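S.K.: To start, I am sharing the structure in question, which I have written as structure tokens.
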Amino acid sequence: MMTPMQRRTERKSRNQSMVDMNLVSLIDVFTILIFFLLSSAGVEQAMPNTKSVQLPISTADKDPKETLIVVISADEILVEGRKVAAVADALAQPGDVIAGLDSELALMAQRQAVRAENRDKEKTITIMGDKGIPYRLLRKVMVTGAKAGYSDVSFAVRRKNEL
């Protein structure tokens with residue numbers, strides 16, 4: 001029969017062997033996981049999903065670039081998800097400049113790119129226009145963008161094979 005003190009020392013010596021744990025392999029696994037997540041985070045780039053806009057169909061092969069996005073639905077004009085004008089008001093305005101869109105684009109144009117590789121994207125916009133919008137509205141949006149200093153305009157379309 002063992003005394004309580006002997007049982008305690010035996011239990012303590014038995015548990016000491018399990019305390020010695022090597023964390024190096026665990027740190028390696030987490031480092032690889034973080035590297036994989038960071039490297040694959042920006043691989044796929046998609047345009048914002050707006051259910052109210054039916055994009056025209058095209059055979060375009062280029063992937064979309066990350067630019068300032070102007071969405072023209074049947075009812076409203078949005079810049080980066082914020083409503084800047086109503087389509088009915090924009091069509092009723094005399095002239096080719098849409099006031100709300102012009103002020104928002106001018107505000108966005110004042111932002112400076114921090115990284116050198118993003119400087120060429122500063123004055124680029126992508127127009128996501130519904131395929132049923134009238135041409136004169138699209139023309140007004142393009143003229144307003146040009147007046148605000150956005151010289152490079154792209155149009156978002158759906159690829160034929162994505163149907």
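Chains: A, B, ... in order of the structure tokens. Residues: from 1 per chain. Ligands: from 1, in order shown.
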Contacts of range 144-147 of chain A at 10 Å or less, counting only C-alpha atoms, minus same-chain residues fewer than 6 places along, as a count of residues only?

M.R.: 16

S.K.: Might you pull out every residue within 12 Å of Ala92 in chain A, with only C-alpha atoms counted and same-chain residues fewer than 6 positions away left off, and present them as a JSON list (two decimals) with N, CA and C atoms, in the first residue's frame?

M.R.:
```json
[["chain", "number", "residue", "atom", "x", "y", "z"],
["A", 85, "ALA", "N", -28.99, 60.13, -58.08],
["A", 85, "ALA", "CA", -30.02, 60.79, -58.88],
["A", 85, "ALA", "C", -31.08, 59.77, -59.27],
["A", 86, "ALA", "N", -32.26, 60.29, -59.58],
["A", 86, "ALA", "CA", -33.33, 59.45, -60.11],
["A", 86, "ALA", "C", -33.27, 59.53, -61.63],
["A", 98, "ILE", "N", -25.69, 65.71, -65.36],
["A", 98, "ILE", "CA", -26.59, 65.32, -64.27],
["A", 98, "ILE", "C", -25.99, 65.87, -62.98],
["A", 99, "ALA", "N", -26.71, 66.76, -62.31],
["A", 99, "ALA", "CA", -26.16, 67.51, -61.17],
["A", 99, "ALA", "C", -25.70, 66.61, -60.02],
["A", 136, "ARG", "N", -29.85, 58.44, -74.60],
["A", 136, "ARG", "CA", -29.59, 59.82, -74.15],
["A", 136, "ARG", "C", -29.25, 59.86, -72.66],
["A", 137, "LEU", "N", -29.79, 58.93, -71.85],
["A", 137, "LEU", "CA", -29.40, 58.86, -70.45],
["A", 137, "LEU", "C", -27.96, 58.37, -70.33],
["A", 140, "LYS", "N", -25.71, 61.20, -71.21],
["A", 140, "LYS", "CA", -25.61, 62.18, -70.12],
["A", 140, "LYS", "C", -24.65, 61.69, -69.03]]
```

S.K.: Grab the CA of Val79 in chain A to CA of Glu104 in chain A distance for me, in Å with one decimal place.

M.R.: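 Pair CA of Val79 in chain A / CA of Glu104 in chain A returns 7.5 Å.
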
S.K.: Taking 6 positions as the minimum chain separation for residues in the same chain, which residues sit within 8 Å of Phe155 in chain A when counting only C-alpha atoms? Answer as a list of chain:residue names.

M.R.: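 Using only C-alpha atoms, the neighbours found are A:Thr126, A:Ile127, A:Met128, A:Gly129.
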
S.K.: I'd like the interatomic distance between CA of Leu78 in chain A and CA of Ala90 in chain A, to a tenth of an Å.

M.R.: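 A separation of 12.3 Å between them.
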
S.K.: Using DSSP on the backbone coordinates, identify the residues of range 76-112 of chain A assigned to strand (DSSP E); present them as an NGL selection string.

M.R.: :A and (76-79 or 82-86)

S.K.: Just the selected residues (N, CA and C atoms), exported as a compact mmCIF listing (two decimals), in the first residue's frame, please.

M.R.:
```txt
# COMPACT_ATOMS: atom_id res chain seq x y z
N GLU A 76 -32.99 54.50 -60.81
CA GLU A 76 -32.03 55.36 -60.11
C GLU A 76 -30.61 55.18 -60.64
N ILE A 77 -29.78 56.17 -60.31
CA ILE A 77 -28.35 56.14 -60.65
C ILE A 77 -27.58 56.06 -59.35
N LEU A 78 -26.70 55.06 -59.24
CA LEU A 78 -25.94 54.82 -58.01
C LEU A 78 -24.44 54.94 -58.31
N VAL A 79 -23.71 55.52 -57.36
CA VAL A 79 -22.24 55.55 -57.43
C VAL A 79 -21.74 54.85 -56.18
N ARG A 82 -24.38 54.21 -53.57
CA ARG A 82 -25.15 55.34 -53.03
C ARG A 82 -25.98 55.99 -54.14
N LYS A 83 -27.25 56.23 -53.87
CA LYS A 83 -28.11 56.86 -54.86
C LYS A 83 -27.72 58.32 -55.01
N VAL A 84 -27.49 58.74 -56.25
CA VAL A 84 -27.11 60.13 -56.51
C VAL A 84 -28.15 60.87 -57.33
N ALA A 85 -28.99 60.13 -58.08
CA ALA A 85 -30.02 60.79 -58.88
C ALA A 85 -31.08 59.77 -59.27
N ALA A 86 -32.26 60.29 -59.58
CA ALA A 86 -33.33 59.45 -60.11
C ALA A 86 -33.27 59.53 -61.63
```
